[in-house]
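Structure below is work_38.tsv: TSV, C-alpha atoms.
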chain	number	residue	atom	x	y	z
A	61	MET	CA	0.00	0.00	0.00
A	62	LEU	CA	2.79	2.39	0.92
A	63	GLU	CA	4.73	1.59	-2.25
A	64	ALA	CA	1.64	2.24	-4.36
A	65	ARG	CA	0.85	5.53	-2.62
A	66	LEU	CA	4.36	6.98	-2.83
A	67	LEU	CA	4.94	5.79	-6.38
A	68	GLU	CA	1.66	7.29	-7.55
A	69	GLU	CA	2.49	10.60	-5.88
A	70	LYS	CA	5.67	10.59	-7.95
A	71	LEU	CA	3.73	9.68	-11.10
A	72	ALA	CA	1.40	12.63	-10.50
A	73	ALA	CA	4.39	14.96	-10.17
A	74	LEU	CA	5.94	13.57	-13.37
A	75	TYR	CA	2.63	14.03	-15.19
A	76	ARG	CA	2.34	17.65	-14.08
A	77	SER	CA	5.90	18.32	-15.22
A	78	GLY	CA	5.16	16.95	-18.68
A	79	LYS	CA	7.24	13.79	-18.37
A	80	ILE	CA	4.29	11.39	-18.83
A	81	VAL	CA	2.22	11.27	-22.02
A	82	GLY	CA	-1.42	10.20	-21.62
A	83	GLY	CA	-3.52	10.01	-18.48
A	84	VAL	CA	-2.53	9.25	-14.92
A	85	PHE	CA	-5.23	7.62	-12.78
A	86	LEU	CA	-4.43	7.22	-9.11
A	87	GLY	CA	-5.73	4.63	-6.64
A	88	ARG	CA	-5.56	6.89	-3.59
A	89	GLY	CA	-8.13	5.57	-1.12
A	90	GLN	CA	-8.44	2.17	-2.80
A	91	GLU	CA	-5.07	0.63	-1.88
A	92	ALA	CA	-6.44	-1.57	0.92
A	93	LEU	CA	-9.04	-3.17	-1.33
A	94	SER	CA	-6.59	-3.61	-4.19
A	95	VAL	CA	-3.79	-5.13	-2.15
A	96	ALA	CA	-6.18	-7.50	-0.37
A	97	LEU	CA	-6.94	-9.17	-3.68
A	98	GLY	CA	-3.37	-9.25	-4.93
A	99	VAL	CA	-1.93	-10.89	-1.81
A	100	HIS	CA	-4.44	-13.76	-1.88
A	101	LEU	CA	-3.51	-14.80	-5.42
A	102	ARG	CA	-0.63	-17.11	-6.21
A	103	ARG	CA	1.48	-18.36	-9.10
A	104	GLY	CA	-0.74	-20.01	-11.69
A	105	ASP	CA	-3.72	-17.73	-10.99
A	106	ILE	CA	-4.99	-15.09	-13.42
A	107	TYR	CA	-5.09	-11.44	-12.36
A	108	ALA	CA	-6.54	-8.59	-14.42
A	109	PRO	CA	-6.05	-5.32	-12.52
A	110	LEU	CA	-7.57	-1.97	-13.48
A	111	ILE	CA	-6.40	1.63	-13.45
A	112	ARG	CA	-6.50	2.04	-9.64
A	113	ASP	CA	-4.90	-1.28	-8.75
A	114	GLN	CA	-1.25	-0.35	-8.33
A	115	ALA	CA	-1.21	-1.86	-4.82
A	116	GLY	CA	-2.67	-5.13	-6.10
A	117	ARG	CA	-0.18	-5.15	-8.97
A	118	PHE	CA	2.70	-4.90	-6.51
A	119	ALA	CA	1.24	-7.69	-4.40
A	120	PHE	CA	1.02	-9.89	-7.51
A	121	GLY	CA	4.68	-9.28	-8.38
A	122	ASP	CA	4.91	-6.03	-10.33
A	123	THR	CA	7.82	-3.72	-9.52
A	124	ILE	CA	8.46	-0.02	-9.11
A	125	LEU	CA	11.05	-0.26	-11.89
A	126	ASP	CA	8.77	-1.77	-14.53
A	127	THR	CA	5.92	0.55	-13.57
A	128	LEU	CA	8.06	3.64	-14.07
A	129	ARG	CA	9.52	2.25	-17.29
A	130	THR	CA	6.03	1.84	-18.70
A	131	TYR	CA	4.76	5.26	-17.64
A	132	LEU	CA	7.88	7.00	-18.91
A	133	GLY	CA	8.04	5.07	-22.20
A	134	SER	CA	11.37	3.33	-21.64
A	135	SER	CA	12.28	0.77	-24.29
A	136	LEU	CA	13.62	-1.46	-21.49
A	137	GLY	CA	10.22	-2.02	-19.85
A	138	SER	CA	7.89	-4.98	-20.31
A	139	MET	CA	5.85	-2.98	-22.86
A	140	ARG	CA	9.08	-1.77	-24.56
A	141	GLY	CA	7.74	1.78	-24.72
A	142	ARG	CA	5.08	0.70	-27.18
A	143	ASP	CA	1.86	1.12	-25.26
A	144	GLY	CA	0.03	3.41	-22.88
A	145	ASN	CA	1.00	3.40	-19.25
A	146	ILE	CA	-2.08	1.60	-17.88
A	147	HIS	CA	-1.93	-1.38	-20.24
A	148	ARG	CA	1.14	-3.13	-18.90
A	149	GLY	CA	1.14	-6.81	-18.03
A	150	ARG	CA	2.80	-10.18	-18.49
A	151	PRO	CA	0.08	-12.46	-19.87
A	152	SER	CA	2.33	-15.54	-19.92
A	153	GLU	CA	2.58	-15.17	-16.12
A	154	GLY	CA	-1.15	-14.72	-15.61
A	155	TYR	CA	-0.81	-10.95	-15.24
A	156	HIS	CA	-3.19	-9.56	-17.88
A	157	ALA	CA	-2.71	-6.22	-19.56
A	158	MET	CA	-5.82	-4.12	-19.18
A	159	ILE	CA	-8.02	-3.74	-22.25
A	160	SER	CA	-10.68	-1.54	-20.67
A	161	HIS	CA	-11.97	-0.82	-17.18
A	162	LEU	CA	-15.57	-0.98	-18.44
A	163	GLY	CA	-16.20	-4.67	-17.90
A	164	ALA	CA	-13.97	-6.11	-20.61
A	165	MET	CA	-11.61	-7.82	-18.19
A	166	VAL	CA	-14.36	-10.01	-16.71
A	167	SER	CA	-14.81	-11.95	-19.93
A	168	THR	CA	-11.05	-11.93	-20.56
A	169	VAL	CA	-10.40	-13.70	-17.26
A	170	CYS	CA	-13.29	-16.07	-17.97
A	171	GLY	CA	-11.59	-17.01	-21.22
A	172	GLY	CA	-8.34	-17.70	-19.41
A	173	LEU	CA	-10.11	-19.90	-16.87
A	174	VAL	CA	-11.91	-21.86	-19.60
A	175	ALA	CA	-8.54	-22.41	-21.32
A	176	LYS	CA	-7.13	-23.81	-18.07
A	177	ARG	CA	-10.14	-26.11	-17.82
A	178	PHE	CA	-9.59	-27.39	-21.36
A	179	ARG	CA	-5.94	-28.07	-20.52
A	180	GLY	CA	-6.88	-29.96	-17.38
A	181	GLU	CA	-5.23	-27.45	-15.04
A	182	LYS	CA	-6.80	-27.40	-11.58
A	183	GLY	CA	-6.53	-25.28	-8.46
A	184	ALA	CA	-6.19	-21.88	-10.11
A	185	VAL	CA	-8.57	-18.95	-9.78
A	186	GLY	CA	-9.03	-15.80	-11.81
A	187	ALA	CA	-9.68	-12.33	-10.44
A	188	THR	CA	-10.40	-8.85	-11.64
A	189	CYS	CA	-11.70	-5.56	-10.27
A	190	ILE	CA	-14.25	-3.10	-11.56
A	191	GLY	CA	-15.84	0.15	-10.48
A	192	GLU	CA	-19.54	0.40	-9.67
A	193	GLY	CA	-20.11	2.26	-12.94
A	194	GLY	CA	-18.60	-0.60	-14.91
A	195	THR	CA	-21.25	-2.95	-13.54
A	196	SER	CA	-23.78	-1.14	-15.75
A	197	THR	CA	-22.06	-2.21	-18.97
A	198	GLY	CA	-22.95	-5.04	-21.31
A	199	SER	CA	-19.44	-6.48	-21.03
A	200	PHE	CA	-19.85	-6.91	-17.27
A	201	HIS	CA	-23.23	-8.61	-17.73
A	202	GLU	CA	-22.00	-11.00	-20.40
A	203	GLY	CA	-18.86	-11.90	-18.46
A	204	MET	CA	-20.70	-12.47	-15.17
A	205	ASN	CA	-23.38	-14.51	-16.88
A	206	MET	CA	-20.78	-16.72	-18.56
A	207	ALA	CA	-18.84	-17.17	-15.31
A	208	ALA	CA	-21.99	-18.16	-13.44
A	209	VAL	CA	-23.25	-20.58	-16.10
A	210	GLU	CA	-19.83	-22.24	-16.42
A	211	ASN	CA	-19.28	-22.22	-12.64
A	212	LEU	CA	-15.88	-20.63	-13.12
A	213	PRO	CA	-13.56	-19.94	-10.15
A	214	LEU	CA	-13.72	-16.18	-10.76
A	215	ILE	CA	-13.55	-13.42	-8.16
A	216	VAL	CA	-14.86	-10.01	-9.22
A	217	VAL	CA	-14.20	-7.17	-6.79
A	218	VAL	CA	-16.40	-4.09	-7.19
A	219	ALA	CA	-14.86	-0.89	-5.84
A	220	ASN	CA	-17.99	1.11	-5.12
A	221	ASN	CA	-16.25	4.47	-4.93
A	222	GLN	CA	-19.53	6.41	-5.26
A	223	TYR	CA	-18.78	8.10	-8.60
A	224	SER	CA	-18.51	6.83	-12.16
A	225	TYR	CA	-16.15	9.58	-13.17
A	226	SER	CA	-18.45	12.43	-12.01
A	227	THR	CA	-21.79	10.55	-12.12
A	228	PRO	CA	-23.10	9.77	-8.61
A	229	ASN	CA	-24.53	6.38	-7.76
A	230	ASP	CA	-28.14	7.56	-7.69
A	231	ARG	CA	-27.78	8.33	-11.41
A	232	GLN	CA	-25.86	5.15	-12.14
A	233	PHE	CA	-28.11	2.33	-10.91
A	234	ALA	CA	-31.57	1.97	-9.40
A	235	CYS	CA	-31.05	-1.11	-7.23
A	236	SER	CA	-30.74	-0.33	-3.53
A	237	ASP	CA	-27.62	-2.46	-3.15
A	238	LEU	CA	-25.05	-3.58	-5.72
A	239	LEU	CA	-24.68	-6.82	-3.82
A	240	SER	CA	-28.13	-7.84	-5.05
A	241	LYS	CA	-26.53	-8.32	-8.46
A	242	ALA	CA	-24.85	-11.44	-7.07
A	243	THR	CA	-28.27	-12.98	-6.47
A	244	GLY	CA	-29.39	-12.00	-9.95
A	245	TYR	CA	-26.47	-13.81	-11.55
A	246	GLY	CA	-26.68	-16.78	-9.22
A	247	VAL	CA	-23.24	-16.29	-7.69
A	248	ALA	CA	-21.99	-15.88	-4.12
A	249	GLY	CA	-21.90	-12.33	-2.76
A	250	HIS	CA	-19.65	-10.71	-0.12
A	251	ARG	CA	-19.44	-7.21	1.35
A	252	ALA	CA	-16.25	-5.52	2.48
A	253	ILE	CA	-15.45	-2.21	4.14
A	254	GLY	CA	-13.33	-0.86	1.32
A	255	ASN	CA	-11.03	1.40	3.34
A	256	ASN	CA	-10.45	-1.12	6.15
A	257	LEU	CA	-7.44	-3.31	5.35
A	258	ILE	CA	-8.22	-5.99	7.94
A	259	ASP	CA	-11.80	-6.37	6.76
A	260	CYS	CA	-10.77	-6.42	3.08
A	261	LEU	CA	-8.18	-9.11	3.77
A	262	ALA	CA	-10.72	-11.27	5.60
A	263	VAL	CA	-13.59	-10.87	3.13
A	264	ILE	CA	-11.58	-11.19	-0.05
A	265	GLY	CA	-9.54	-14.01	1.44
A	266	GLU	CA	-12.72	-15.99	2.01
A	267	ALA	CA	-14.00	-15.21	-1.50
A	268	VAL	CA	-10.74	-16.42	-3.07
A	269	ALA	CA	-10.72	-19.53	-0.89
A	270	ALA	CA	-14.32	-20.34	-1.83
A	271	ALA	CA	-13.55	-20.03	-5.54
A	272	ARG	CA	-10.48	-22.22	-5.10
A	273	ARG	CA	-12.58	-24.84	-3.29
A	274	GLY	CA	-14.80	-25.13	-6.36
A	275	GLU	CA	-17.69	-23.03	-5.10
A	276	GLY	CA	-17.97	-21.02	-8.30
A	277	THR	CA	-17.92	-17.32	-9.02
A	278	GLN	CA	-17.67	-14.82	-6.16
A	279	LEU	CA	-18.74	-11.17	-6.26
A	280	VAL	CA	-17.29	-8.81	-3.64
A	281	VAL	CA	-18.72	-5.31	-3.21
A	282	ALA	CA	-16.62	-2.86	-1.22
A	283	ASP	CA	-17.84	0.60	-0.26
A	284	LEU	CA	-15.28	3.40	-0.17
A	285	LEU	CA	-14.52	6.82	-1.64
A	286	ARG	CA	-12.00	7.72	-4.28
A	287	LEU	CA	-9.83	10.35	-2.58
A	288	VAL	CA	-8.73	12.01	-5.82
A	289	GLY	CA	-10.32	12.95	-9.11
A	290	HIS	CA	-11.04	10.45	-11.84
A	291	GLY	CA	-7.61	11.29	-13.22
A	292	GLU	CA	-4.97	13.93	-12.65
A	293	HIS	CA	-6.89	16.14	-15.08
A	294	ASP	CA	-9.93	16.16	-12.76
A	295	ASP	CA	-10.20	18.14	-9.50
A	296	ALA	CA	-13.16	16.10	-8.12
A	297	SER	CA	-15.03	19.31	-7.24
A	298	TYR	CA	-18.30	17.42	-7.71
A	299	ILE	CA	-17.72	15.32	-4.55
A	300	PRO	CA	-19.47	16.99	-1.56
A	301	GLU	CA	-17.36	17.93	1.43
A	302	ALA	CA	-19.75	16.02	3.69
A	303	MET	CA	-18.97	12.81	1.83
A	304	LYS	CA	-15.24	13.44	2.03
A	305	LYS	CA	-15.58	13.82	5.81
A	306	SER	CA	-17.77	10.75	6.22
A	307	PRO	CA	-16.45	7.29	7.19
A	308	LEU	CA	-16.25	6.50	3.47
A	309	GLY	CA	-13.69	9.26	3.06
A	310	ARG	CA	-11.23	8.02	5.68
A	311	ASP	CA	-7.80	7.24	4.23
A	312	CYS	CA	-7.23	3.47	4.11
A	313	LEU	CA	-3.45	3.87	4.36
A	314	GLU	CA	-3.66	5.92	7.55
A	315	LEU	CA	-6.28	3.56	8.99
A	316	ALA	CA	-4.04	0.57	8.27
A	317	ARG	CA	-1.06	2.28	9.90
A	318	GLN	CA	-3.07	3.09	13.02
A	319	SER	CA	-4.40	-0.46	13.22
A	320	LEU	CA	-0.94	-2.01	12.92
A	321	ILE	CA	0.42	0.28	15.64
A	322	GLU	CA	-2.54	-0.40	17.95
A	323	GLN	CA	-2.00	-4.15	17.53
A	324	LYS	CA	1.70	-3.60	18.29
A	325	TRP	CA	2.63	-5.17	14.95
A	326	LEU	CA	4.34	-1.95	13.92
A	327	SER	CA	5.98	0.98	15.71
A	328	ASP	CA	6.05	4.64	14.72
A	329	ASP	CA	9.78	4.36	14.07
A	330	GLU	CA	9.32	1.32	11.83
A	331	ALA	CA	6.54	3.06	9.90
A	332	GLY	CA	8.80	6.06	9.40
A	333	SER	CA	11.68	3.92	8.19
A	334	TRP	CA	9.38	2.12	5.73
A	335	HIS	CA	8.28	5.48	4.34
A	336	GLU	CA	11.87	6.69	3.95
A	337	ALA	CA	13.01	3.46	2.29
A	338	VAL	CA	10.18	3.39	-0.24
A	339	GLU	CA	10.50	7.11	-0.98
A	340	LYS	CA	14.22	6.66	-1.64
A	341	GLU	CA	13.61	3.69	-3.96
A	342	VAL	CA	10.97	5.59	-5.92
A	343	GLU	CA	13.17	8.66	-6.37
A	344	GLU	CA	16.26	6.69	-7.34
A	345	THR	CA	14.33	4.49	-9.76
A	346	ALA	CA	12.62	7.45	-11.40
A	347	SER	CA	15.98	9.18	-11.88
A	348	LYS	CA	17.37	6.02	-13.49
A	349	VAL	CA	14.41	5.47	-15.84
A	350	LEU	CA	14.35	9.10	-16.98
A	351	ARG	CA	17.82	8.49	-18.44
A	352	GLU	CA	16.82	5.29	-20.29
A	353	PRO	CA	16.26	5.29	-24.06
A	354	ALA	CA	12.84	5.56	-25.67
A	355	PRO	CA	12.05	3.25	-28.60
A	356	ASP	CA	13.40	4.38	-31.97
A	357	PRO	CA	10.57	4.11	-34.54
A	358	SER	CA	13.05	3.74	-37.39
A	359	GLU	CA	14.71	0.72	-35.81
A	360	GLU	CA	11.92	-0.87	-33.79
A	361	ASP	CA	10.72	-4.35	-34.77
A	362	TRP	CA	6.96	-3.98	-34.43
A	363	ASN	CA	6.24	-7.71	-34.61
A	364	ALA	CA	3.89	-8.26	-31.67
A	365	PHE	CA	5.50	-11.63	-30.92
A	366	ALA	CA	9.10	-10.45	-30.93
A	367	SER	CA	11.19	-10.39	-27.77
A	368	PRO	CA	14.26	-8.19	-27.24
A	369	SER	CA	16.07	-11.16	-25.70
A	370	LEU	CA	14.82	-13.98	-27.92
A	371	GLY	CA	14.46	-12.26	-31.28
A	372	ARG	CA	11.58	-12.86	-33.66
A	373	ASN	CA	9.43	-15.87	-32.92
A	374	PRO	CA	8.69	-18.23	-35.81

Take the structure from the file and write it as structure tokens.
Amino acid sequence: MLEARLLEEKLAALYRSGKIVGGVFLGRGQEALSVALGVHLRRGDIYAPLIRDQAGRFAFGDTILDTLRTYLGSSLGSMRGRDGNIHRGRPSEGYHAMISHLGAMVSTVCGGLVAKRFRGEKGAVGATCIGEGGTSTGSFHEGMNMAAVENLPLIVVVANNQYSYSTPNDRQFACSDLLSKATGYGVAGHRAIGNNLIDCLAVIGEAVAAARRGEGTQLVVADLLRLVGHGEHDDASYIPEAMKKSPLGRDCLELARQSLIEQKWLSDDEAGSWHEAVEKEVEETASKVLREPAPDPSEEDWNAFASPSLGRNP
């Protein structure tokens, strides 16, 4: 969570200084929910994170170095400077590159799980996240329906952050509770307190375990508040101050820190040293990547199946 927060603060600064081309979408306020999913997955699983899932990406094995290389367009990154900063991934390792945050990743993970079934692979689960606005799309419906009918071991985590960009929930859906969608699709439903790390770990941990036990698709709805605008281009002036000051608006990172200290699992000094260490790594890595070469269009091999280390695949 701390790595995600400090790295994204650096990304925002790089964006404002003109070093990043394209949008920057921060997960501030959603780190607890994101990391709780990432840490419960393991090698062999499928993970399809979205634009606010930097914490989950780290938990699944992503690095500060590769993240910065992708955002800054370095030719040495996993995307080789070819693609936008939010589309990075390593599909061969089960880490899917995002196509769209509007429901597309649900069916993508379903496809991966069906492929594993055809190959006779057992024990793996697939997981993705979505915002509450994305649950209104046809892609979400089709993916959830397929997962339910095929009894796939899929976990879909809905970050109900109250706004689909600037559209409030009362203009986004008419049902009184998003969790009722689980009943409609015939899948198991779970509720989590989205800014409470301990609750997110417990609820999502049970959902992942249930899917792994063969109990089918699991839908987790977590209520929280996005603590920044939709992107760095958005000042979030449409979010009322009362909502920001409500329990939904409490910062999950600060709540997690307080909880760890209260449980005597962490001291103030240790928390401070963690912050200093991560901040140093972020700054040093950013300085390194800013000096790395961008791809040269005149020399680049644009074969999608080429590898800089292996050459062109047959």

Inset, instruction - Would you kindly return, as a VMD selection string, each protein, DNA or RNA residue with an atom no farther than 9 Å from any atom of Tyr223 in chain A, considering all atoms listed in the file and excluding same-chain residues fewer than 5 positions away? - result: chain A and resid 191 to 193 228 to 229 232 285 to 286 290 299

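When all atoms listed in the file are used to measure the gap to Val349 in chain A, the shortest distance among A:Tyr131, A:Tyr107, A:Trp325, A:Tyr75 belongs to A:Tyr131.
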
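Counting only C-alpha atoms and comparing A:Gly163, A:Gly180, A:Gly254, A:Gly172, the residue that lies closest to Leu214 in chain A is A:Gly172.
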
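When the distance limit is 9 Å and all atoms listed in the file are what count, the residues near range 312-314 of chain A, minus those fewer than 2 positions from it on the same chain, are Met61, Leu62, Arg65, Arg88, Gly89, Gln90, Glu91, Ala92, Leu93, Gly254, Asn255, Asn256, Leu257, Gly309, Arg310, Ala316, Arg317, Gln318 and Ser319 of chain A.
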
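Closest approach to Gly274 in chain A among A:Asn211, A:Ser196, A:Thr130, A:Ser138 is made by A:Asn211 (distances from all atoms listed in the file).
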
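CA of Ile146 in chain A to CA of Asp259 in chain A spans 27.7 Å [interatomic distance, one decimal].
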
Legend entry - Distance criterion (only C-alpha atoms): nearest to Val216 in chain A out of A:Arg231, A:Ser94, A:Ala115, A:Asp143: A:Ser94

Inset, instruction - Give as number ranges by chain every residue, naming chains and numbers as the document does, that has an atom within 7 Å of (-3.9, -20.5, -9.2), counting all atoms listed in the file. - result: A: 101-106, 183-185
